[in-house]
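start.csv follows (CSV, C-alpha atoms):
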```csv
chain,number,residue,atom,x,y,z
A,1,MET,CA,17.5,8.5,-17.1
A,2,THR,CA,18.8,11.6,-15.4
A,3,GLN,CA,17.3,13.4,-12.4
A,4,PRO,CA,14.4,13.7,-11.6
A,5,PHE,CA,13.6,10.8,-13.9
A,6,GLY,CA,16.1,8.5,-12.3
A,7,GLU,CA,14.2,8.4,-9.0
A,8,LEU,CA,11.0,7.5,-10.7
A,9,GLY,CA,11.9,3.8,-11.1
A,10,ARG,CA,9.6,1.9,-13.4
A,11,PHE,CA,7.5,5.1,-13.9
A,12,ALA,CA,10.4,7.0,-15.5
A,13,GLU,CA,9.7,6.0,-19.1
A,14,PRO,CA,5.9,6.5,-18.8
A,15,SER,CA,6.5,9.8,-17.1
A,16,LEU,CA,8.6,11.0,-20.1
A,17,TYR,CA,5.9,9.9,-22.5
A,18,ILE,CA,3.3,11.8,-20.5
A,19,LEU,CA,5.4,15.0,-20.4
A,20,VAL,CA,5.8,14.8,-24.2
A,21,SER,CA,2.1,14.2,-24.6
A,22,LEU,CA,1.3,17.3,-22.6
A,23,SER,CA,3.9,19.4,-24.4
A,24,ASN,CA,1.4,20.5,-27.0
A,25,GLY,CA,-1.5,21.2,-24.6
A,26,ALA,CA,-3.5,20.0,-21.7
A,27,LYS,CA,-5.1,16.6,-21.8
A,28,HIS,CA,-7.1,14.3,-19.6
A,29,GLY,CA,-6.2,10.7,-18.8
A,30,TYR,CA,-7.8,9.0,-21.7
A,31,ALA,CA,-6.4,11.5,-24.2
A,32,ILE,CA,-2.9,11.0,-22.8
A,33,MET,CA,-3.2,7.2,-23.1
A,34,THR,CA,-4.4,7.5,-26.7
A,35,ASP,CA,-1.6,9.9,-27.6
A,36,VAL,CA,1.1,7.9,-25.9
A,37,GLU,CA,-0.1,4.7,-27.7
A,38,GLN,CA,0.1,6.6,-31.0
A,39,MET,CA,3.6,7.9,-30.3
A,40,THR,CA,5.1,4.7,-29.0
A,41,GLY,CA,3.0,1.9,-30.4
A,42,SER,CA,2.6,0.5,-26.9
A,43,PRO,CA,-0.5,1.1,-24.7
A,44,LEU,CA,0.0,2.7,-21.3
A,45,GLY,CA,-1.9,0.8,-18.5
A,46,PRO,CA,-4.3,2.8,-16.4
A,47,GLY,CA,-2.4,1.9,-13.1
A,48,THR,CA,0.9,3.0,-14.6
A,49,LEU,CA,-0.7,6.1,-16.1
A,50,TYR,CA,-2.1,7.3,-12.7
A,51,GLY,CA,1.0,6.2,-10.8
A,52,ALA,CA,3.1,8.4,-13.2
A,53,LEU,CA,0.6,11.3,-13.1
A,54,ALA,CA,0.7,11.3,-9.3
A,55,ARG,CA,4.5,11.4,-9.3
A,56,LEU,CA,4.7,14.1,-11.8
A,57,GLU,CA,2.1,16.2,-10.0
A,58,ARG,CA,3.9,15.7,-6.7
A,59,ARG,CA,7.2,17.0,-8.3
A,60,GLY,CA,5.4,20.0,-9.7
A,61,LEU,CA,6.2,18.9,-13.3
A,62,ILE,CA,2.5,18.9,-14.2
A,63,GLU,CA,-0.6,20.4,-12.7
A,64,ALA,CA,-4.2,19.3,-12.6
A,65,LEU,CA,-6.8,21.7,-14.0
A,66,GLU,CA,-10.4,22.1,-12.9
A,67,PRO,CA,-12.4,18.9,-13.8
A,68,GLU,CA,-14.5,19.0,-17.0
A,69,ASP,CA,-17.4,16.8,-16.0
A,70,ARG,CA,-15.6,13.8,-14.5
A,71,ARG,CA,-12.5,14.3,-16.6
A,72,ARG,CA,-9.6,16.3,-15.1
A,73,PRO,CA,-7.1,17.7,-17.6
A,74,TYR,CA,-3.4,18.0,-16.8
A,75,ARG,CA,-1.0,20.5,-18.2
A,76,LEU,CA,2.8,20.9,-18.2
A,77,THR,CA,4.2,23.4,-15.7
A,78,GLY,CA,7.2,25.6,-16.4
A,79,ALA,CA,9.4,23.3,-14.4
A,80,GLY,CA,7.9,20.4,-16.4
A,81,ALA,CA,8.7,22.0,-19.7
A,82,THR,CA,12.3,22.8,-18.5
A,83,THR,CA,12.8,19.2,-17.3
A,84,LEU,CA,11.4,17.7,-20.5
A,85,ALA,CA,13.6,19.9,-22.7
A,86,ALA,CA,16.7,18.9,-20.7
A,87,GLN,CA,15.7,15.2,-20.8
A,88,LEU,CA,15.1,15.3,-24.6
A,89,ALA,CA,18.4,17.1,-25.2
A,90,HIS,CA,20.1,14.4,-23.1
A,91,LEU,CA,18.4,11.7,-25.1
A,92,GLU,CA,19.2,13.4,-28.4
A,93,GLY,CA,22.9,13.4,-27.5
A,94,PHE,CA,22.7,9.8,-26.5
A,95,VAL,CA,20.9,8.8,-29.7
A,96,ARG,CA,23.5,10.7,-31.8
A,97,THR,CA,26.4,9.0,-30.1
A,98,GLY,CA,24.8,5.6,-30.5
A,99,LEU,CA,24.1,6.2,-34.2
A,100,GLU,CA,27.6,7.5,-34.8
A,101,ARG,CA,29.2,4.5,-33.1
A,102,LEU,CA,26.9,2.1,-35.0
A,103,GLY,CA,27.8,3.8,-38.3
A,104,GLY,CA,31.5,3.6,-37.5
A,105,GLY,CA,31.3,0.0,-36.5
A,106,THR,CA,29.7,-1.1,-39.7
A,107,ARG,CA,32.2,0.6,-42.1
B,108,MET,CA,-13.3,-4.0,-12.3
B,109,LYS,CA,-14.8,-2.1,-9.3
B,110,ARG,CA,-13.2,-4.7,-7.1
B,111,LEU,CA,-9.8,-3.8,-8.5
B,112,VAL,CA,-10.3,-0.1,-8.0
B,113,ARG,CA,-11.4,-0.8,-4.4
B,114,LEU,CA,-7.9,-2.2,-3.8
B,115,TYR,CA,-6.6,1.4,-3.9
B,116,PRO,CA,-6.4,3.4,-0.6
B,117,ARG,CA,-9.3,5.6,0.1
B,118,ALA,CA,-7.2,8.8,-0.2
B,119,TRP,CA,-6.1,7.7,-3.7
B,120,ARG,CA,-9.7,6.9,-4.7
B,121,ASP,CA,-10.9,10.3,-3.4
B,122,ARG,CA,-8.4,11.9,-5.6
B,123,TYR,CA,-8.4,9.8,-8.8
B,124,LEU,CA,-11.4,7.5,-8.8
B,125,ALA,CA,-13.8,9.7,-10.9
B,126,GLU,CA,-11.1,10.2,-13.5
B,127,LEU,CA,-10.1,6.5,-13.6
B,128,GLU,CA,-13.7,5.3,-13.9
B,129,ASP,CA,-14.3,7.8,-16.7
B,130,LEU,CA,-11.2,6.5,-18.4
B,131,LEU,CA,-12.2,2.9,-18.0
B,132,ALA,CA,-15.6,3.7,-19.4
B,133,ASP,CA,-14.0,5.0,-22.5
B,134,ARG,CA,-11.5,2.2,-22.8
B,135,PRO,CA,-12.7,-1.1,-21.3
B,136,PRO,CA,-9.7,-2.7,-19.6
B,137,THR,CA,-8.0,-5.7,-21.0
B,138,ILE,CA,-6.5,-8.4,-18.8
B,139,ARG,CA,-3.2,-6.7,-19.1
B,140,ASP,CA,-4.8,-3.4,-17.9
B,141,GLN,CA,-6.3,-5.3,-14.9
B,142,VAL,CA,-2.9,-6.6,-13.9
B,143,ASP,CA,-1.6,-3.1,-14.3
B,144,LEU,CA,-4.3,-1.7,-12.0
B,145,ALA,CA,-3.5,-4.3,-9.4
B,146,ARG,CA,0.2,-3.3,-9.5
B,147,GLY,CA,-0.9,0.3,-9.4
B,148,ALA,CA,-2.9,-0.4,-6.2
B,149,LEU,CA,0.1,-2.0,-4.6
B,150,ASP,CA,2.2,1.0,-5.5
B,151,ALA,CA,-0.5,3.4,-4.1
B,152,TRP,CA,-0.3,1.6,-0.7
B,153,VAL,CA,3.5,1.5,-0.6
B,154,HIS,CA,3.8,5.2,-1.7
B,155,PRO,CA,0.6,6.8,-0.3
B,156,GLN,CA,2.4,10.1,0.1
B,157,LEU,CA,2.1,10.5,-3.7
B,158,VAL,CA,-1.6,11.4,-3.3
B,159,THR,CA,-2.2,15.1,-3.0
B,160,ARG,CA,-4.9,15.0,-0.3
B,161,PRO,CA,-7.6,17.5,0.5
B,162,SER,CA,-6.8,18.9,3.9
B,163,GLY,CA,-8.4,17.1,6.9
B,164,GLN,CA,-8.0,13.6,5.4
B,165,GLU,CA,-6.2,10.9,7.3
B,166,SER,CA,-2.5,10.3,7.0
B,167,LEU,CA,0.0,8.2,8.9
B,168,GLY,CA,2.7,10.2,10.7
B,169,ARG,CA,6.3,9.2,11.1
B,170,ILE,CA,6.6,5.6,12.3
B,171,ARG,CA,9.3,5.0,14.8
B,172,PRO,CA,11.7,2.1,14.0
B,173,ARG,CA,10.7,0.5,17.3
B,174,THR,CA,7.1,0.3,16.2
B,175,VAL,CA,8.1,-1.4,12.9
B,176,GLY,CA,10.4,-3.7,14.9
B,177,ALA,CA,7.6,-4.6,17.3
B,178,ALA,CA,5.1,-5.3,14.5
B,179,VAL,CA,7.5,-7.4,12.5
B,180,LEU,CA,9.1,-9.3,15.4
B,181,GLY,CA,5.6,-9.8,17.0
B,182,GLY,CA,4.4,-11.2,13.7
B,183,GLY,CA,7.4,-13.5,13.5
B,184,LEU,CA,6.8,-14.7,17.1
B,185,TRP,CA,3.2,-15.5,16.4
B,186,ILE,CA,4.3,-17.8,13.6
B,187,ALA,CA,7.0,-19.3,15.7
B,188,GLY,CA,4.6,-19.8,18.6
B,189,ALA,CA,2.0,-21.5,16.3
B,190,LEU,CA,4.7,-23.8,14.8
B,191,ALA,CA,6.1,-24.7,18.3
B,192,THR,CA,2.6,-25.4,19.6
B,193,ASN,CA,1.6,-27.5,16.6
B,194,ALA,CA,4.9,-29.6,16.9
B,195,THR,CA,4.4,-30.4,20.6
B,196,GLN,CA,3.5,-34.0,21.4
B,197,VAL,CA,0.5,-34.9,23.6
B,198,SER,CA,1.7,-35.4,27.2
B,199,ALA,CA,1.3,-39.0,28.4
B,200,THR,CA,0.4,-37.8,31.9
B,201,SER,CA,-2.0,-35.0,31.2
B,202,GLY,CA,-3.4,-36.1,27.9
B,203,TYR,CA,-2.9,-32.5,26.6
B,204,LYS,CA,-0.4,-30.7,24.5
B,205,ASP,CA,1.4,-28.5,27.0
B,206,SER,CA,3.6,-26.3,24.9
B,207,VAL,CA,5.3,-23.9,27.4
B,208,ALA,CA,7.6,-22.6,24.6
B,209,GLY,CA,4.7,-22.0,22.3
B,210,TRP,CA,2.8,-20.0,24.9
B,211,MET,CA,5.8,-18.0,25.9
B,212,LEU,CA,6.4,-17.1,22.2
B,213,MET,CA,2.8,-16.1,21.7
B,214,ILE,CA,2.6,-14.0,24.9
B,215,ALA,CA,5.6,-12.1,23.7
B,216,ALA,CA,4.1,-11.8,20.3
B,217,ALA,CA,0.8,-10.5,21.7
B,218,VAL,CA,2.5,-7.9,23.9
B,219,LEU,CA,4.7,-6.7,21.0
B,220,THR,CA,1.9,-6.4,18.5
B,221,ALA,CA,-0.3,-4.7,21.1
B,222,ALA,CA,2.4,-2.2,21.7
B,223,ALA,CA,2.8,-1.6,17.9
B,224,SER,CA,-1.0,-1.1,17.7
B,225,ILE,CA,-0.8,1.6,20.4
B,226,GLU,CA,1.9,3.4,18.5
B,227,LEU,CA,0.1,3.1,15.2
B,228,ALA,CA,-3.1,4.5,16.8
B,229,ARG,CA,-1.1,7.5,17.9
B,230,SER,CA,0.5,7.9,14.5
B,231,THR,CA,-2.7,8.4,12.5
B,232,SER,CA,-3.6,12.0,11.9
B,233,THR,CA,-7.1,11.5,13.2
B,234,ARG,CA,-5.9,9.9,16.5
B,235,SER,CA,-9.1,8.0,16.9
B,236,SER,CA,-10.0,7.3,20.5
B,237,ALA,CA,-11.7,4.1,19.4
B,238,ALA,CA,-8.4,2.9,17.9
B,239,SER,CA,-6.5,3.8,21.1
B,240,ALA,CA,-9.0,2.0,23.2
B,241,THR,CA,-8.9,-1.2,21.1
B,242,ALA,CA,-5.1,-1.1,21.1
B,243,ALA,CA,-5.1,-0.7,24.9
B,244,THR,CA,-7.5,-3.7,25.1
B,245,MET,CA,-5.2,-5.7,23.0
B,246,LEU,CA,-2.4,-5.0,25.5
B,247,VAL,CA,-4.5,-5.9,28.5
B,248,GLY,CA,-5.6,-9.1,26.8
B,249,ALA,CA,-2.0,-9.9,25.9
B,250,LEU,CA,-0.9,-9.6,29.5
B,251,LEU,CA,-3.8,-11.8,30.7
B,252,ILE,CA,-2.7,-14.6,28.4
B,253,ALA,CA,0.2,-15.0,30.9
B,254,THR,CA,-2.3,-15.9,33.7
B,255,PRO,CA,-3.8,-19.3,34.5
B,256,TRP,CA,-6.9,-20.7,32.9
B,257,PRO,CA,-9.7,-19.5,32.5
B,258,ILE,CA,-8.4,-15.9,32.7
B,259,LEU,CA,-5.9,-16.9,30.0
B,260,ALA,CA,-8.8,-17.6,27.6
B,261,VAL,CA,-10.5,-14.3,28.4
B,262,GLY,CA,-7.2,-12.6,27.7
B,263,PHE,CA,-6.6,-14.5,24.4
B,264,TYR,CA,-10.1,-13.9,23.0
B,265,GLY,CA,-10.1,-10.3,24.3
B,266,TYR,CA,-6.8,-9.7,22.5
B,267,ALA,CA,-8.0,-11.4,19.3
B,268,PHE,CA,-11.3,-9.6,19.1
B,269,ALA,CA,-9.7,-6.3,20.1
B,270,ALA,CA,-7.2,-6.8,17.3
B,271,ALA,CA,-10.1,-7.3,14.8
B,272,GLY,CA,-11.8,-4.2,16.1
B,273,PHE,CA,-8.6,-2.2,15.9
B,274,GLY,CA,-8.4,-3.0,12.2
B,275,PHE,CA,-11.9,-1.7,11.7
B,276,VAL,CA,-11.6,1.5,13.6
B,277,VAL,CA,-7.9,2.6,13.1
B,278,GLY,CA,-8.6,4.3,9.8
B,279,ASP,CA,-7.5,4.0,6.2
B,280,ALA,CA,-4.1,5.5,6.9
B,281,MET,CA,-2.8,2.2,8.4
B,282,PRO,CA,-1.8,-0.3,5.7
B,283,LEU,CA,-3.6,-3.6,5.4
B,284,ARG,CA,-5.9,-2.9,8.3
B,285,TRP,CA,-8.6,-5.1,6.8
B,286,LEU,CA,-6.2,-8.0,6.5
B,287,LEU,CA,-5.4,-7.5,10.2
B,288,SER,CA,-9.1,-7.7,11.1
B,289,VAL,CA,-9.8,-10.8,9.0
B,290,THR,CA,-6.8,-12.7,10.3
B,291,ALA,CA,-7.6,-11.7,13.9
B,292,LEU,CA,-11.1,-13.2,13.5
B,293,VAL,CA,-9.4,-16.3,12.1
B,294,LEU,CA,-7.2,-16.3,15.2
B,295,THR,CA,-10.3,-16.7,17.4
B,296,SER,CA,-10.5,-20.3,16.1
B,297,PHE,CA,-7.0,-21.0,17.4
B,298,ASN,CA,-6.7,-24.2,19.5
B,299,THR,CA,-3.4,-25.5,21.0
B,300,GLN,CA,-4.6,-29.1,20.8
B,301,ASP,CA,-4.7,-29.7,17.1
B,302,GLU,CA,-3.8,-28.2,13.7
B,303,ARG,CA,-5.9,-25.1,14.5
B,304,ALA,CA,-2.7,-23.9,16.3
B,305,LEU,CA,-1.5,-23.0,12.8
B,306,LEU,CA,-4.3,-20.4,12.5
B,307,ALA,CA,-2.0,-17.9,14.2
B,308,ILE,CA,0.2,-18.0,11.1
B,309,PRO,CA,-1.9,-15.7,8.9
B,310,PHE,CA,-2.2,-13.2,11.8
B,311,GLY,CA,1.6,-13.3,12.2
B,312,LEU,CA,2.1,-12.8,8.4
B,313,ALA,CA,-0.3,-9.8,8.5
B,314,TRP,CA,1.7,-8.1,11.2
B,315,ILE,CA,5.0,-8.7,9.3
B,316,ALA,CA,3.4,-7.2,6.2
B,317,ILE,CA,1.9,-4.2,8.2
B,318,GLY,CA,5.3,-3.5,9.8
B,319,SER,CA,7.1,-3.8,6.5
B,320,LEU,CA,4.7,-1.4,4.7
B,321,ALA,CA,4.8,1.1,7.6
B,322,ALA,CA,8.6,1.0,7.4
B,323,VAL,CA,8.7,2.1,3.7
B,324,ARG,CA,6.2,4.8,4.1
B,325,VAL,CA,7.4,8.4,4.2
B,326,PRO,CA,5.1,10.8,6.1
B,327,ALA,CA,3.1,13.1,3.9
B,328,ALA,CA,4.9,16.4,3.9
B,329,LYS,CA,2.6,18.2,1.5
B,330,THR,CA,-1.2,18.5,1.5
B,331,ALA,CA,-3.2,20.7,-0.7
```
Could you quickly redo this structure as structure tokens?
Amino acid sequence: MTQPFGELGRFAEPSLYILVSLSNGAKHGYAIMTDVEQMTGSPLGPGTLYGALARLERRGLIEALEPEDRRRPYRLTGAGATTLAAQLAHLEGFVRTGLERLGGGTR
Amino acid sequence: MKRLVRLYPRAWRDRYLAELEDLLADRPPTIRDQVDLARGALDAWVHPQLVTRPSGQESLGRIRPRTVGAAVLGGGLWIAGALATNATQVSATSGYKDSVAGWMLMIAAAVLTAAASIELARSTSTRSSAASATAATMLVGALLIATPWPILAVGFYGYAFAAAGFGFVVGDAMPLRWLLSVTALVLTSFNTQDERALLAIPFGLAWIAIGSLAAVRVPAAKTA
């Protein structure tokens, strides 16, 4: 994971999932958990979710909106969108290289 | 489940508790979720600066290395003193365990941890006068432990009860303050003449943990 994900330790991967989840609109905690589970097939624990949300908010990659009842939605900031795009481009290159090498090795 | 949520620091709960409770109402936690919450609580204590606090809430300022050193070394000396006292044989002449080494170690431990408490009381944003007073009482008690009986006992119990009180009044910004209070109350049952000498060990471990956690904390640079 590249900066700023590299400094997030065990929260790097959940943070990426959360940014992707928020990329199509604001969501509250439960909606993020459900969305991430649908995307990845793995549930995101509540402690991990809020640990990652706190880190992303602290870094200005997401922002909390006004609470709706007890639910507080989060949305991607401009910096968050830029960071996510850079991270996905990096991963795309990584995946492409891996698939090319794998294809070359099996010939 | 509420017990697990209470493991989080107050500042964290003030910020996220309503959301988390709402989430848990929608999605009853599995055992895996409960383990995840416990890990999250530990993380919130170790990285409290991650919480964006409303202004006016407590925070722990920059902790000096000497404060961390006093807390950790003091904790270690409490453990060493307890072990040395427990290992001492009963004197054939007096009929008592007279562990000079044990007492010397514990006097040093009490002075160091009292000094760390004074610094920690100063480091909290609220700078509670009650916390400063109990920390100062710890130091007076620690110094009195070096005097002859029965003032020694007054000093020891004064130190232990003041340490318990310090944990109660210092504020949420200090890590593991409840553990300090509980182990200090356990320390009041300390006795040099039998295995109760080992009751100083939990107190020593608490100080080592407090010093270690304070060392990894970064002062909150941003409040909103």
Exercise for review: Please tell me which residues are no farther than 12 Å from (8.5, -19.3, 16.0) in the file, counting only C-alpha atoms, and write them as number ranges by chain.
Suggested key: B: 180-194, 208-216, 305, 307-308, 311-312
Practice item. Kindly provide, as a list in words, the residues of chain A having any atom no farther than 7 Å from an atom of chain B, counting all atoms listed in the file. Key: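 Applying the cut-off to the listed atoms yields Gly29, Tyr30, Gly45, Pro46, Gly47, Thr48, Gly51, Ala54, Arg55, Arg58, Arg70, Arg71 and Arg72 of chain A.
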Practice item. Determine, counting all atoms listed in the file, every residue of protein, DNA or RNA that lies within 12 Å of (8.0, 18.2, -9.3) in the file coordinates, then give the result as a list in words. Key: Gln3, Pro4, Phe5, Glu7, Leu8, Ser15, Leu19, Ala52, Leu53, Ala54, Arg55, Leu56, Glu57, Arg58, Arg59, Gly60, Leu61, Ile62, Glu63, Leu76, Thr77, Gly78, Ala79, Gly80, Ala81, Thr82, Thr83 and Leu84 of chain A; Leu157 of chain B
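The space separating atom CA of Ala221 of chain B from atom CA of Leu246 of chain B comes to 4.9 Å.
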Exercise for review: Pick out the closest residue to Ala217 of chain B from this set: B:Trp314, B:Tyr203, B:Ala237, B:Val276. Count all atoms listed in the file.
Suggested key: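 Smallest separation from Ala217 of chain B among the options: B:Trp314.
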**Study point:** Selected residue of minimal separation from Met245 of chain B among B:Phe297, B:Ser201, B:Val175, B:Ala291, counting only C-alpha atoms
**Key:**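 Looking at the shortest contact to Met245 of chain B, the residue is B:Ala291.
Proximity to Arg173 of chain B at 12 Å, evaluated using only C-alpha atoms and with sequence-adjacent residues fewer than 2 positions away removed, yields Arg169, Ile170, Arg171, Val175, Gly176, Ala177, Ala178, Val179, Leu180, Gly181, Leu219, Thr220, Ala222, Ala223, Ser224, Ile225, Glu226, Leu227, Gly318, Ala321 and Ala322 of chain B.
With atom CA of Ala270 of chain B on one side and atom CA of Ser288 of chain B on the other, the separation reads 6.5 Å.
Separating atom CA of Val218 of chain B from atom CA of Gly265 of chain B is a distance of 12.8 Å.
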